[in-house]
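Scroll down for the structure; my scribbles are underneath it.
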Amino acid sequence: MSEPSIELKGSLFPLSVLYCQDFSVATLRQELAGKLAQAPGFFTQAPVVISVENCTQTPDFAAIKQLFSELQLVLVGVCGADASLKKAAHAAGLASLQPPKAGKTAEPAKPAAAPAPAAPVAPTVISADNKTIDGNIRSGQQIFVKGADLIIRGTVGAGAEVIADGNIHIYGALRGKAIAGAGGDASKKIYCYNMQPELISIAGNYWLSDTLQGDYWGKPVCIGLQDGQLMLAELF
Amino acid sequence: MAKIIVVTSGKGGVGKTTTSAAIGTGLALKGHKTVIVDFDIGLRNLDLIMGCERRVVFDFVNVINGEANLKQALIKDKRLENLFILPASQTRDKDALHKEGVERVLNELSDEFDFIICDSPAGIESGAMMALYFADEAIVVTNPEVSSVRDSDRILGMLSSKSRRAEQGLPGIKEHLLLTRYNPERVQKGEMLSVDDVNDILAIKLLGVIPESQAVLNASNSGQPVILDADSDAGQAYLDTVSRLLGEDVPFRFLNVEKKGLFKRIFGG
């Protein structure tokens with residue numbers, strides 16, 4: 001009624017950027033298909049930006065776009081394009097984007113002022129694929145995160161399922177099922193602010209709600225695995 | 001542009017049609033041109049609750065199939081100037097609805113009305129999905145008991161993933177919780193979930209609490225939306241609900257056990 005029917009808002013989204021040496025469709029097809037085969041389904045309809053920074057001649061953007069859709073990817077734009085490449089990209093219906101800031105994505109930032117050399121410190125690898133959900137997971141909904149952590153700012157309702165290869169953090173009540181370390185990693189944990197689950201499982205070891213009744217029910221709890229046995233501990 | 005409000009629940013028998021009739025009528029009472037659309041194809045009930053069952057000639061499915069135009073199918077309420085009903089078909093099933101047809105009818109209604117109330121069928125199948133797909137706001141009708149609450153949770157998941165707003169990445173459907181058949185005495189005895197219990201699980205904004213009331217059954221049987229029975233507790237609770245839906249700040253009533261006076265104790269309430 002009085003509210004405007006449309007609204008444009010700026011937002012930031014994680015996008016995969018494809019860097020390549022050879023822009024010929026045949027090579028791209030081969031390389032990309034190989035990459036996608038390693039994680040079937042993971043990149044399905046994923047938005048991708050192609051970097052053309054080190055591109056010497058104008059690639060056939062229309063053909064590349066076609067190739068992407070055949071591979072079930074969505075080519076949304078190019079980055080690092082000069083004026084003539086931009087024009088060609090626009091003609092193919094692609095957006096041109098700023099290249100990502102070097103240092104942040106290309107290589108991890110070096111720690112400032114390294115302390116006196118001690119034992120070599122293993123680099124902390126932080127997966128960028130952690131999934132954060134703002135809101136509640138409702139009954140019947142299923143969330144699966146491959147190879148990373150799942151963070152939920154809300155409640156997981158009874159009859160909902162949250163599954164991750166990594167840890168699961170729930171900043172709300174857990175009333176459904178939570179399965180952490182789904183890939184078999186026994187070091188993963190489940191954290192929740194109010195534990196009333198139907199089932200919890202870490203690396204294939206599971207407990208049903210019957211077993212979980214007791215002191216920790218309804219409390220903020222951390223759940224981990226110790227010698228193949230599930231262990232509960234209060235969060236605070 | 002009309003505001004499209006779906007009245008839904010997942011579970012059957014919780015009061016969706018009663019609520020659709022009451023809220024549609026309430027909006028019309030407040031001067032808004034309103035149409036209530038019955039999406040429960042094959043189990044037509046809204047016309048009975050609204051008391052216009054003898055005036056149904058053409059229905060929603062006829063309009064979708066182009067066998068009748070909207071003007072022919074819309075039934076004007078006899079009590080209120082700006083209230084209309086689009087009845088469901090009793091002889092067809094839910095598959096008679098399809099997105100394109102529903103969208104066309106809603107668009108046509110949208111030009112003429114301020115509010116379109118979609119009375120959803122129970123369940124989570126195509127009929128219920130059709131009713132919620134185009135919604136701007138949703139009233140999730142819930143009874144204070146566990147199975148109803150879980151089904152509402154399920155439908156809330158559908159609202160946030162299967163609607164047009166979700167598919168097109170628009171701002172989500174505005175969700176309201178309406179608790180019906182609330183009985184403070186039974187809540188006090190622990191036989192029924194309290195408002196807080198339900199709020200805790202569903203975590204959406206509470207729009208209203210309708211007390212369990214004989215007036216609702218009487219209203220249904222007589223084909224008078226209960227909101228027109230302004231003397232009844234349920235009617236008043238629905239009036240409050242409509243005010244809140246329109247953005248007014250109204251305190252909640254009928255949440256606590258009424259203290260009975262001596263006369264009521266002796267003669268019954």
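Every chain in the structure tokens has a letter given in the order shown (A, B, ...), and although residue numbers restart at 1 in each chain, ligands are simply numbered from 1 in the order shown.
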
Dump as a Markdown table the rows for residues of chain A within 12 Å of chain B: closest atom pair and distance in Å with one decimal, only C-alpha atoms counted, ordered by chain and rising residue number.
```
| residue | atom | partner | partner_atom | distance |
| --- | --- | --- | --- | --- |
| A:Met1 | CA | B:Met1 | CA | 5.5 |
| A:Ser2 | CA | B:Met1 | CA | 8.9 |
| A:Glu3 | CA | B:Met1 | CA | 9.9 |
| A:Pro4 | CA | B:Met1 | CA | 10.4 |
| A:Ser5 | CA | B:Met1 | CA | 9.1 |
| A:Ile6 | CA | B:Leu170 | CA | 8.6 |
| A:Glu7 | CA | B:Leu170 | CA | 8.9 |
| A:Leu8 | CA | B:Leu170 | CA | 10.2 |
| A:Lys9 | CA | B:Leu170 | CA | 11.0 |
| A:Gly135 | CA | B:Ala203 | CA | 9.7 |
| A:Asn136 | CA | B:Ala203 | CA | 8.2 |
| A:Ile137 | CA | B:Gly157 | CA | 7.2 |
| A:Arg138 | CA | B:Gly157 | CA | 4.9 |
| A:Ser139 | CA | B:Arg154 | CA | 4.5 |
| A:Gly140 | CA | B:Arg154 | CA | 5.8 |
| A:Gln141 | CA | B:Gly157 | CA | 6.6 |
| A:Gln142 | CA | B:Gly157 | CA | 10.2 |
| A:Gly154 | CA | B:Ala203 | CA | 9.2 |
| A:Thr155 | CA | B:Ile201 | CA | 8.1 |
| A:Val156 | CA | B:Ile201 | CA | 9.3 |
| A:Gly157 | CA | B:Asp153 | CA | 7.1 |
| A:Ala158 | CA | B:Arg150 | CA | 7.0 |
| A:Gly159 | CA | B:Arg150 | CA | 8.0 |
| A:Ala160 | CA | B:Arg154 | CA | 8.8 |
| A:Gly172 | CA | B:Asp200 | CA | 10.4 |
| A:Ala173 | CA | B:Ile201 | CA | 8.6 |
| A:Leu174 | CA | B:Ile201 | CA | 10.3 |
| A:Arg175 | CA | B:Ile201 | CA | 9.0 |
| A:Gly176 | CA | B:Arg150 | CA | 11.1 |
| A:Asn194 | CA | B:Asp200 | CA | 11.5 |
| A:Gln196 | CA | B:Ile201 | CA | 11.4 |
```

May I have the residues within 7 Å of stretch 220-226 of chain B as number ranges by chain, using only C-alpha atoms and disregarding those fewer than 6 positions away in the same chain? B: 21-22, 48-51, 234-235

Identify all residues of stretch 18-232 of chain A in strand (DSSP E) (DSSP on the backbone) and supply them as number ranges by chain. A: 18, 46-51, 73-79, 95-97, 131-134, 142-145, 150-153, 161-164, 168-174, 177-180, 190-195, 199-202, 205-208, 221-226, 229-232

Point-to-point distance in Å for atom CA of A:Tyr216 and atom CA of A:Cys192: 11.1 Å

Quote the spacing between atom CA of B:Tyr182 and atom CA of B:Phe254 in Å to one decimal place.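 Between atom CA of B:Tyr182 and atom CA of B:Phe254 the gap is 8.5 Å.
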
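Residue nearest B:Ser126, chosen from B:Ile41, B:Phe84, B:Val198, B:Val14 and counting only C-alpha atoms: B:Ile41.
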
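One distance worth recording is that between atom CA of B:Leu106 and atom CA of B:Val209, which is 28.9 Å.
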
Quick one: residues within 7 Å of A:Val52, only C-alpha atoms counted, chain neighbours fewer than 5 positions away excluded, as a list in words? Val78, Cys79, Gly80 and Ala81 of chain A

Residues near A:Thr44, cut-off 8 Å, only C-alpha atoms, skip fewer than 2 positions along chain, as a list in words: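 So the residues in contact are Pro40, Gly41, Phe42, Ala46, Gln72 and Leu73 of chain A.
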